[in-house]
>>> print(open('target.cif').read())   # mmCIF, C-alpha atoms
data_target
loop_
_atom_site.label_atom_id
_atom_site.label_comp_id
_atom_site.auth_asym_id
_atom_site.auth_seq_id
_atom_site.Cartn_x
_atom_site.Cartn_y
_atom_site.Cartn_z
CA MET J 88 0.00 0.00 0.00
CA LEU J 89 2.83 2.41 0.81
CA THR J 90 5.40 1.14 -1.69
CA ASN J 91 4.96 3.96 -4.20
CA LYS J 92 3.99 6.74 -1.81
CA THR J 93 6.32 9.50 -0.69
CA ILE J 94 6.35 10.20 3.04
CA THR J 95 7.66 13.48 4.42
CA PHE J 96 8.67 13.82 8.07
CA LEU J 97 8.49 17.37 9.39
CA GLY J 98 10.94 16.92 12.22
CA ALA J 99 13.86 14.53 12.38
CA GLY J 100 14.10 13.60 16.05
CA ALA J 101 14.22 10.23 17.79
CA MET J 102 10.61 9.26 17.08
CA ALA J 103 10.86 10.18 13.41
CA GLU J 104 14.05 8.15 13.08
CA ALA J 105 12.47 5.16 14.84
CA ILE J 106 9.57 5.17 12.37
CA ILE J 107 11.86 5.68 9.38
CA GLY J 108 14.07 2.80 10.49
CA GLY J 109 11.06 0.51 10.94
CA LEU J 110 9.60 1.35 7.54
CA ILE J 111 12.87 0.60 5.80
CA ARG J 112 13.70 -2.48 7.88
CA ASN J 113 10.31 -4.00 7.06
CA GLN J 114 10.47 -2.90 3.39
CA ILE J 115 7.19 -1.00 3.66
CA VAL J 116 8.55 2.10 1.91
CA ASP J 117 11.48 2.52 -0.45
CA PRO J 118 14.16 4.70 1.23
CA HIS J 119 14.18 7.14 -1.69
CA ASN J 120 10.47 7.81 -1.06
CA ILE J 121 11.15 9.10 2.45
CA ILE J 122 12.01 12.76 3.04
CA ALA J 123 13.12 14.12 6.42
CA THR J 124 13.21 17.81 7.24
CA ASN J 125 14.88 19.83 9.95
CA LEU J 126 15.24 23.58 9.86
CA SER J 127 18.54 23.95 11.67
CA ASP J 128 20.28 20.65 12.50
CA THR J 129 21.82 19.87 9.12
CA ASN J 130 24.27 17.49 10.80
CA LYS J 131 21.33 15.36 11.94
CA LEU J 132 19.91 15.35 8.41
CA GLU J 133 23.23 14.26 6.95
CA LYS J 134 23.44 11.37 9.41
CA LEU J 135 19.92 10.23 8.52
CA LYS J 136 20.72 10.46 4.82
CA MET J 137 23.86 8.37 5.20
CA ARG J 138 22.31 5.86 7.61
CA TYR J 139 19.06 5.17 5.73
CA ASN J 140 19.70 6.44 2.17
CA ILE J 141 16.67 8.74 2.39
CA GLN J 142 16.18 12.26 1.06
CA THR J 143 16.69 15.20 3.40
CA THR J 144 16.04 18.92 3.14
CA THR J 145 15.67 22.07 5.19
CA SER J 146 12.72 23.21 3.04
CA ARG J 147 9.38 22.24 4.53
CA THR J 148 7.40 23.50 1.55
CA TRP J 149 9.44 21.51 -0.99
CA ALA J 150 9.21 18.37 1.13
CA VAL J 151 5.43 18.69 1.50
CA GLU J 152 4.97 19.29 -2.23
CA GLN J 153 6.59 15.92 -2.96
CA ALA J 154 4.58 13.89 -0.45
CA GLU J 155 1.32 11.98 -0.32
CA ILE J 156 1.78 11.46 3.42
CA ILE J 157 3.02 14.12 5.86
CA VAL J 158 4.16 13.14 9.35
CA LEU J 159 4.16 15.97 11.89
CA ALA J 160 7.02 15.06 14.23
CA MET J 161 8.18 18.43 15.55
CA LYS J 162 7.91 19.75 19.10
CA PRO J 163 4.40 20.93 20.11
CA LYS J 164 5.57 24.54 20.40
CA ASN J 165 6.55 24.54 16.70
CA ILE J 166 3.37 23.09 15.20
CA GLU J 167 1.56 26.36 14.51
CA GLU J 168 4.52 27.85 12.66
CA ALA J 169 5.07 24.65 10.67
CA VAL J 170 1.46 24.12 9.58
CA ARG J 171 0.99 27.76 8.63
CA GLU J 172 4.13 27.55 6.49
CA ILE J 173 3.00 24.48 4.56
CA LYS J 174 -0.78 25.07 4.42
CA GLU J 175 -0.73 26.38 0.85
CA LYS J 176 0.95 23.13 -0.23
CA VAL J 177 -1.53 20.90 1.60
CA ASN J 178 -4.65 19.66 -0.16
CA ASN J 179 -7.25 17.02 0.58
CA ASP J 180 -5.24 14.42 -1.34
CA LYS J 181 -2.51 14.49 1.29
CA LEU J 182 -2.77 12.50 4.51
CA ILE J 183 -1.45 14.19 7.64
CA ILE J 184 -0.23 12.02 10.51
CA SER J 185 0.56 13.60 13.88
CA VAL J 186 2.90 11.97 16.38
CA ILE J 187 2.81 15.03 18.64
CA ALA J 188 1.50 14.33 22.13
CA GLY J 189 -1.50 16.33 23.33
CA ILE J 190 -2.42 18.04 20.05
CA PRO J 191 -6.08 17.43 19.05
CA SER J 192 -6.64 16.54 15.41
CA SER J 193 -9.21 19.36 15.19
CA TYR J 194 -6.49 21.90 15.99
CA ILE J 195 -4.38 20.68 13.05
CA GLU J 196 -7.42 20.63 10.76
CA ASP J 197 -8.28 24.21 11.67
CA LEU J 198 -4.70 25.41 11.28
CA SER J 199 -4.49 23.96 7.79
CA GLY J 200 -7.63 25.81 6.74
CA THR J 201 -8.95 22.87 4.70
CA LYS J 202 -10.75 19.60 5.30
CA SER J 203 -7.42 17.96 5.93
CA ARG J 204 -7.32 14.22 6.46
CA VAL J 205 -5.63 14.00 9.86
CA VAL J 206 -4.84 10.86 11.84
CA ARG J 207 -3.53 11.41 15.36
CA THR J 208 -1.15 8.84 16.83
CA MET J 209 0.47 8.13 20.19
CA PRO J 210 3.52 5.87 19.86
CA ASN J 211 6.01 5.36 22.68
CA THR J 212 9.80 5.27 22.86
CA SER J 213 9.89 1.50 22.41
CA ALA J 214 9.43 2.29 18.72
CA LYS J 215 13.22 2.55 18.71
CA VAL J 216 13.41 -1.25 19.02
CA GLY J 217 10.30 -2.03 16.96
CA ALA J 218 8.15 -2.65 20.05
CA SER J 219 5.96 0.44 20.43
CA ALA J 220 2.40 0.20 21.69
CA THR J 221 0.86 2.79 19.35
CA ALA J 222 -2.71 4.08 19.47
CA ILE J 223 -4.24 5.88 16.49
CA CYS J 224 -7.49 7.77 15.99
CA ALA J 225 -9.28 9.33 13.05
CA GLY J 226 -9.80 13.03 12.57
CA ARG J 227 -13.05 14.51 11.23
CA TYR J 228 -12.18 14.03 7.57
CA SER J 229 -9.97 10.94 7.55
CA THR J 230 -11.28 7.69 6.11
CA SER J 231 -11.12 3.99 6.94
CA ASP J 232 -8.47 3.68 4.22
CA ASP J 233 -6.44 6.36 5.99
CA LEU J 234 -6.59 4.40 9.26
CA GLU J 235 -5.50 1.28 7.40
CA THR J 236 -2.55 3.16 5.91
CA VAL J 237 -1.48 4.53 9.30
CA SER J 238 -1.92 1.11 10.91
CA LEU J 239 0.42 -0.38 8.32
CA LEU J 240 2.94 2.41 8.86
CA PHE J 241 3.08 2.02 12.64
CA SER J 242 2.99 -1.76 12.55
CA ALA J 243 6.58 -1.36 11.35
CA VAL J 244 7.52 -0.22 14.87
CA GLY J 245 5.22 -2.34 17.05
CA THR J 246 1.53 -2.96 17.70
CA VAL J 247 -1.33 -0.67 16.69
CA THR J 248 -4.64 -0.08 18.49
CA VAL J 249 -7.41 2.08 17.01
CA VAL J 250 -9.28 4.18 19.62
CA PRO J 251 -11.70 7.13 19.61
CA GLU J 252 -9.90 10.44 20.05
CA GLU J 253 -11.48 11.05 23.47
CA LYS J 254 -9.40 8.12 24.75
CA MET J 255 -6.06 9.49 23.58
CA ASP J 256 -5.28 11.21 26.88
CA ALA J 257 -5.72 7.86 28.65
CA VAL J 258 -3.47 6.25 26.04
CA THR J 259 -0.85 8.91 26.70
CA GLY J 260 -0.86 8.28 30.44
CA VAL J 261 -0.83 4.49 30.12
CA ALA J 262 1.20 3.62 27.02
CA GLY J 263 2.90 6.88 26.05
CA SER J 264 4.37 7.38 29.52
CA GLY J 265 4.29 3.66 30.34
CA PRO J 266 7.92 2.80 29.53
CA ALA J 267 9.12 5.41 32.05
CA TYR J 268 7.14 3.77 34.84
CA PHE J 269 8.80 0.43 34.19
CA TYR J 270 12.27 1.97 33.95
CA TYR J 271 11.62 3.71 37.27
CA LEU J 272 10.73 0.40 38.94
CA ILE J 273 13.65 -1.35 37.29
CA GLU J 274 16.00 1.26 38.76
CA ALA J 275 14.79 0.23 42.23
CA MET J 276 15.34 -3.45 41.39
CA GLU J 277 18.87 -2.68 40.19
CA LYS J 278 19.71 -0.79 43.38
CA ALA J 279 18.42 -3.63 45.58
CA ALA J 280 20.29 -6.21 43.52
CA VAL J 281 23.63 -4.40 43.80
CA GLU J 282 23.12 -3.72 47.52
CA SER J 283 22.58 -7.47 47.96
CA GLY J 284 25.87 -8.43 46.30
CA LEU J 285 25.17 -8.76 42.60
CA THR J 286 27.31 -6.82 40.15
CA SER J 287 25.66 -4.24 37.91
CA GLU J 288 26.22 -6.52 34.93
CA GLU J 289 24.65 -9.50 36.68
CA ALA J 290 21.69 -7.42 37.84
CA THR J 291 21.10 -5.99 34.37
CA ALA J 292 21.20 -9.42 32.71
CA LEU J 293 18.78 -10.96 35.20
CA ILE J 294 16.33 -8.04 35.34
CA THR J 295 16.30 -7.47 31.58
CA GLN J 296 15.42 -11.07 30.84
CA THR J 297 12.82 -11.06 33.62
CA VAL J 298 11.10 -8.07 32.01
CA VAL J 299 11.22 -9.72 28.57
CA GLY J 300 9.73 -12.88 30.06
CA VAL J 301 6.92 -10.98 31.76
CA GLY J 302 5.99 -9.33 28.47
CA LYS J 303 5.92 -12.65 26.61
CA ARG J 304 3.92 -14.30 29.39
CA LEU J 305 1.31 -11.53 29.25
CA GLN J 306 1.05 -11.91 25.48
CA ASP J 307 0.65 -15.69 25.63
CA THR J 308 -1.94 -16.09 28.38
CA SER J 309 -5.56 -15.22 29.06
CA LYS J 310 -4.90 -15.00 32.80
CA SER J 311 -5.28 -11.66 34.55
CA SER J 312 -2.29 -9.82 35.99
CA ARG J 313 -3.52 -10.71 39.49
CA GLU J 314 -3.64 -14.40 38.61
CA LEU J 315 -0.13 -14.19 37.20
CA TYR J 316 1.49 -12.65 40.27
CA GLU J 317 -0.47 -14.89 42.61
CA GLU J 318 0.78 -17.99 40.81
CA VAL J 319 4.36 -16.89 41.61
CA MET J 320 3.54 -16.60 45.29
CA SER J 321 3.69 -19.54 47.67
CA PRO J 322 2.53 -19.31 51.33
CA ASN J 323 5.18 -17.67 53.50
CA GLY J 324 7.54 -17.57 50.52
CA THR J 325 9.85 -14.89 49.18
CA THR J 326 7.42 -13.42 46.65
CA GLU J 327 4.65 -13.19 49.21
CA ALA J 328 7.00 -11.31 51.54
CA GLY J 329 7.77 -8.76 48.83
CA ILE J 330 4.18 -8.34 47.65
CA THR J 331 2.97 -7.96 51.23
CA LEU J 332 5.38 -5.07 51.77
CA LEU J 333 4.30 -3.42 48.52
CA SER J 334 0.68 -3.71 49.62
CA GLU J 335 1.48 -2.24 53.03
CA ARG J 336 3.24 0.68 51.31
CA ASN J 337 0.28 1.16 48.91
CA GLY J 338 2.45 0.42 45.89
CA GLN J 339 -0.46 -0.21 43.53
CA ASP J 340 -2.27 2.91 44.73
CA ALA J 341 0.81 5.02 44.00
CA MET J 342 1.09 3.62 40.46
CA HIS J 343 -2.64 4.04 39.89
CA ASP J 344 -2.48 7.69 40.99
CA ALA J 345 0.64 8.36 38.93
CA ILE J 346 -1.10 7.19 35.77
CA LEU J 347 -4.18 9.30 36.51
CA LYS J 348 -1.88 12.29 37.10
CA ALA J 349 -0.22 11.77 33.72
CA ILE J 350 -3.63 11.50 32.03
CA ALA J 351 -4.77 14.71 33.71
CA ARG J 352 -1.63 16.48 32.53
CA SER J 353 -2.22 15.27 28.98
CA LYS J 354 -5.70 16.80 29.11
CA GLU J 355 -4.25 20.07 30.41
CA LEU J 356 -1.72 20.23 27.58
CA GLY J 357 -4.36 19.48 24.96
CA SER J 358 -6.76 22.09 26.35
CA VAL J 359 -4.23 24.83 25.54
CA PHE J 360 -4.59 24.04 21.84
CA THR J 361 -8.34 23.51 22.03
CA GLU J 362 -8.88 26.88 23.71
CA SER J 363 -6.58 28.70 21.28
CA LYS J 364 -8.56 27.76 18.20
#
>>> encode(input="target.cif", output="structure tokens")
Amino acid sequence: MLTNKTITFLGAGAMAEAIIGGLIRNQIVDPHNIIATNLSDTNKLEKLKMRYNIQTTTSRTWAVEQAEIIVLAMKPKNIEEAVREIKEKVNNDKLIISVIAGIPSSYIEDLSGTKSRVVRTMPNTSAKVGASATAICAGRYSTSDDLETVSLLFSAVGTVTVVPEEKMDAVTGVAGSGPAYFYYLIEAMEKAAVESGLTSEEATALITQTVVGVGKRLQDTSKSSRELYEEVMSPNGTTEAGITLLSERNGQDAMHDAILKAIARSKELGSVFTESK
């Protein structure tokens, strides 16, 4: 579906590179049909060109003219300037994909001044290793074919879930921020391991594989998370001792509240753009 389409990335940061790498690795798009733009970091563009054999440019308007698909991958503070610059080159034949957290699709549609076909996405940083949990949602004027195209594109860097846009803040708090929560907990595991006599290398090897195993177990079972941790516990055993302490310290409540806080913050960030329309 994407073989003969040209995709322009407005922004050439880590997320854009992760998607570009996945598309090329999975042979979904020919490298020559990918254009990356960056207004100031020409060194970054040169590295992307050499690494992936793609086209690069500092001209947003030229890049958009060439493309059937435009990926908005700049920082949120730069979106208004970028869309206003390219709006004369955007028509209803071009599909716009946003990977910018917190920006409603309606804001992009209104900025463009046309009935732009916008699909909003929320990938996470695991896209760098082809394991993102990405959610996508349709804008007012996008079609089922557009969602299929975006699903194919993001399947190159992980799994894809289609949700209504009103759920995107929840997605941001759960999956967008999710990797950070796990890394935070892993840091505590690493500290405890080293304090108990393991080397950093030993701790990393053991914890990394444990996390990989947990992910695979979750994917391969219909059991609930509660059932899974309870099956590890034996009466008066080591796991029960640890879980009991976490319960006494309200560990689950803290994680629950942290996720709700992240979701609330996502709503706050999005409201800035909604109110400014």
>>> resolve_selection(input="target.cif", expression="the PyMOL selection byres ((chain J and resi 220) around 12)", output="number ranges by chain")
J: 208-219, 221-223, 238, 241-249, 258-259, 261-266
>>> closest_residue(input="target.cif", among="J:Gly109, J:Pro191, J:Gly284, J:Gly100", to="Leu239 (chain J)", atoms="all atoms listed in the file")
J:Gly109
>>> residues_around(input="target.cif", residues="region 175-189 of chain J", least_positions_apart="3", cutoff="8 Å", atoms="only C-alpha atoms", output="ChimeraX atom specification")
/J:148,151-152,154-163,172,192,199,201-210,229,233,237,256,259,353-354,356-357
>>> resolve_selection(input="target.cif", expression="the PyMOL selection byres ((chain J and resi 144) around 9)", output="list in words")
Ile122, Ala123, Thr124, Asn125, Leu126, Thr129, Leu132, Gln142, Thr143, Thr145, Ser146, Arg147, Trp149 and Ala150 of chain J
>>> atom_distance(input="target.cif", atom1="CA of Ala292 (chain J)", atom2="CA of Thr308 (chain J)")
24.5 Å
>>> closest_residue(input="target.cif", among="J:Met276, J:Phe269, J:Met137, J:Ser127", to="Gly302 (chain J)", atoms="all atoms listed in the file")
J:Phe269
>>> resolve_selection(input="target.cif", expression="the PyMOL selection byres ((chain J and resi 119) around 8)", output="list in words")
Asp117, Pro118, Asn120, Ile121, Ile122, Asn140, Ile141 and Gln142 of chain J
>>> atom_distance(input="target.cif", atom1="CA of Asp128 (chain J)", atom2="CA of Lys174 (chain J)")
23.0 Å
>>> closest_residue(input="target.cif", among="J:Glu317, J:Val299, J:Gly226, J:Ala349", to="Asp197 (chain J)", atoms="all atoms listed in the file")
J:Gly226
>>> atom_distance(input="target.cif", atom1="CA of Val301 (chain J)", atom2="CA of Leu315 (chain J)")
9.5 Å
>>> closest_residue(input="target.cif", among="J:Thr286, J:Thr291, J:Gln153, J:Thr297", to="Glu274 (chain J)", atoms="all atoms listed in the file")
J:Thr291
>>> closest_residue(input="target.cif", among="J:Glu235, J:Glu104, J:Glu167, J:Glu253", to="Ile350 (chain J)", atoms="only C-alpha atoms")
J:Glu253
>>> closest_residue(input="target.cif", among="J:Met255, J:Cys224, J:Gly329, J:Met342", to="Ala267 (chain J)", atoms="all atoms listed in the file")
J:Met342
>>> decode(input="target.cif", residues="region 220-295 of chain J", atoms="C-alpha atoms", output="PDB file, in the first residue's frame")
ATOM      1  CA  ALA J 220       2.397   0.204  21.686  1.00  0.00           C
ATOM      2  CA  THR J 221       0.861   2.790  19.347  1.00  0.00           C
ATOM      3  CA  ALA J 222      -2.712   4.077  19.470  1.00  0.00           C
ATOM      4  CA  ILE J 223      -4.245   5.880  16.494  1.00  0.00           C
ATOM      5  CA  CYS J 224      -7.487   7.772  15.994  1.00  0.00           C
ATOM      6  CA  ALA J 225      -9.277   9.325  13.052  1.00  0.00           C
ATOM      7  CA  GLY J 226      -9.805  13.028  12.573  1.00  0.00           C
ATOM      8  CA  ARG J 227     -13.047  14.506  11.229  1.00  0.00           C
ATOM      9  CA  TYR J 228     -12.180  14.033   7.567  1.00  0.00           C
ATOM     10  CA  SER J 229      -9.968  10.943   7.546  1.00  0.00           C
ATOM     11  CA  THR J 230     -11.284   7.688   6.112  1.00  0.00           C
ATOM     12  CA  SER J 231     -11.117   3.989   6.945  1.00  0.00           C
ATOM     13  CA  ASP J 232      -8.472   3.682   4.219  1.00  0.00           C
ATOM     14  CA  ASP J 233      -6.444   6.363   5.994  1.00  0.00           C
ATOM     15  CA  LEU J 234      -6.587   4.403   9.259  1.00  0.00           C
ATOM     16  CA  GLU J 235      -5.504   1.276   7.396  1.00  0.00           C
ATOM     17  CA  THR J 236      -2.547   3.160   5.914  1.00  0.00           C
ATOM     18  CA  VAL J 237      -1.481   4.530   9.304  1.00  0.00           C
ATOM     19  CA  SER J 238      -1.915   1.106  10.910  1.00  0.00           C
ATOM     20  CA  LEU J 239       0.421  -0.385   8.323  1.00  0.00           C
ATOM     21  CA  LEU J 240       2.945   2.405   8.856  1.00  0.00           C
ATOM     22  CA  PHE J 241       3.076   2.022  12.637  1.00  0.00           C
ATOM     23  CA  SER J 242       2.991  -1.760  12.548  1.00  0.00           C
ATOM     24  CA  ALA J 243       6.576  -1.360  11.351  1.00  0.00           C
ATOM     25  CA  VAL J 244       7.524  -0.221  14.866  1.00  0.00           C
ATOM     26  CA  GLY J 245       5.219  -2.339  17.054  1.00  0.00           C
ATOM     27  CA  THR J 246       1.529  -2.959  17.703  1.00  0.00           C
ATOM     28  CA  VAL J 247      -1.332  -0.667  16.694  1.00  0.00           C
ATOM     29  CA  THR J 248      -4.641  -0.077  18.489  1.00  0.00           C
ATOM     30  CA  VAL J 249      -7.415   2.084  17.013  1.00  0.00           C
ATOM     31  CA  VAL J 250      -9.282   4.177  19.619  1.00  0.00           C
ATOM     32  CA  PRO J 251     -11.700   7.130  19.606  1.00  0.00           C
ATOM     33  CA  GLU J 252      -9.898  10.439  20.054  1.00  0.00           C
ATOM     34  CA  GLU J 253     -11.476  11.048  23.473  1.00  0.00           C
ATOM     35  CA  LYS J 254      -9.400   8.118  24.753  1.00  0.00           C
ATOM     36  CA  MET J 255      -6.058   9.492  23.585  1.00  0.00           C
ATOM     37  CA  ASP J 256      -5.279  11.208  26.885  1.00  0.00           C
ATOM     38  CA  ALA J 257      -5.720   7.858  28.652  1.00  0.00           C
ATOM     39  CA  VAL J 258      -3.474   6.246  26.042  1.00  0.00           C
ATOM     40  CA  THR J 259      -0.848   8.913  26.695  1.00  0.00           C
ATOM     41  CA  GLY J 260      -0.859   8.285  30.443  1.00  0.00           C
ATOM     42  CA  VAL J 261      -0.833   4.490  30.122  1.00  0.00           C
ATOM     43  CA  ALA J 262       1.197   3.619  27.019  1.00  0.00           C
ATOM     44  CA  GLY J 263       2.898   6.883  26.051  1.00  0.00           C
ATOM     45  CA  SER J 264       4.370   7.382  29.525  1.00  0.00           C
ATOM     46  CA  GLY J 265       4.295   3.665  30.337  1.00  0.00           C
ATOM     47  CA  PRO J 266       7.919   2.800  29.528  1.00  0.00           C
ATOM     48  CA  ALA J 267       9.118   5.406  32.049  1.00  0.00           C
ATOM     49  CA  TYR J 268       7.140   3.773  34.845  1.00  0.00           C
ATOM     50  CA  PHE J 269       8.795   0.425  34.188  1.00  0.00           C
ATOM     51  CA  TYR J 270      12.268   1.968  33.945  1.00  0.00           C
ATOM     52  CA  TYR J 271      11.622   3.707  37.275  1.00  0.00           C
ATOM     53  CA  LEU J 272      10.726   0.399  38.944  1.00  0.00           C
ATOM     54  CA  ILE J 273      13.653  -1.350  37.290  1.00  0.00           C
ATOM     55  CA  GLU J 274      15.995   1.262  38.756  1.00  0.00           C
ATOM     56  CA  ALA J 275      14.788   0.228  42.235  1.00  0.00           C
ATOM     57  CA  MET J 276      15.339  -3.452  41.390  1.00  0.00           C
ATOM     58  CA  GLU J 277      18.868  -2.680  40.187  1.00  0.00           C
ATOM     59  CA  LYS J 278      19.713  -0.793  43.379  1.00  0.00           C
ATOM     60  CA  ALA J 279      18.424  -3.628  45.579  1.00  0.00           C
ATOM     61  CA  ALA J 280      20.295  -6.212  43.524  1.00  0.00           C
ATOM     62  CA  VAL J 281      23.632  -4.405  43.800  1.00  0.00           C
ATOM     63  CA  GLU J 282      23.118  -3.725  47.520  1.00  0.00           C
ATOM     64  CA  SER J 283      22.580  -7.470  47.955  1.00  0.00           C
ATOM     65  CA  GLY J 284      25.870  -8.433  46.301  1.00  0.00           C
ATOM     66  CA  LEU J 285      25.169  -8.758  42.595  1.00  0.00           C
ATOM     67  CA  THR J 286      27.307  -6.822  40.150  1.00  0.00           C
ATOM     68  CA  SER J 287      25.657  -4.236  37.909  1.00  0.00           C
ATOM     69  CA  GLU J 288      26.222  -6.521  34.931  1.00  0.00           C
ATOM     70  CA  GLU J 289      24.648  -9.501  36.679  1.00  0.00           C
ATOM     71  CA  ALA J 290      21.686  -7.422  37.844  1.00  0.00           C
ATOM     72  CA  THR J 291      21.105  -5.994  34.373  1.00  0.00           C
ATOM     73  CA  ALA J 292      21.197  -9.421  32.708  1.00  0.00           C
ATOM     74  CA  LEU J 293      18.779 -10.957  35.201  1.00  0.00           C
ATOM     75  CA  ILE J 294      16.334  -8.037  35.338  1.00  0.00           C
ATOM     76  CA  THR J 295      16.296  -7.469  31.579  1.00  0.00           C
TER      77      THR J 295
END
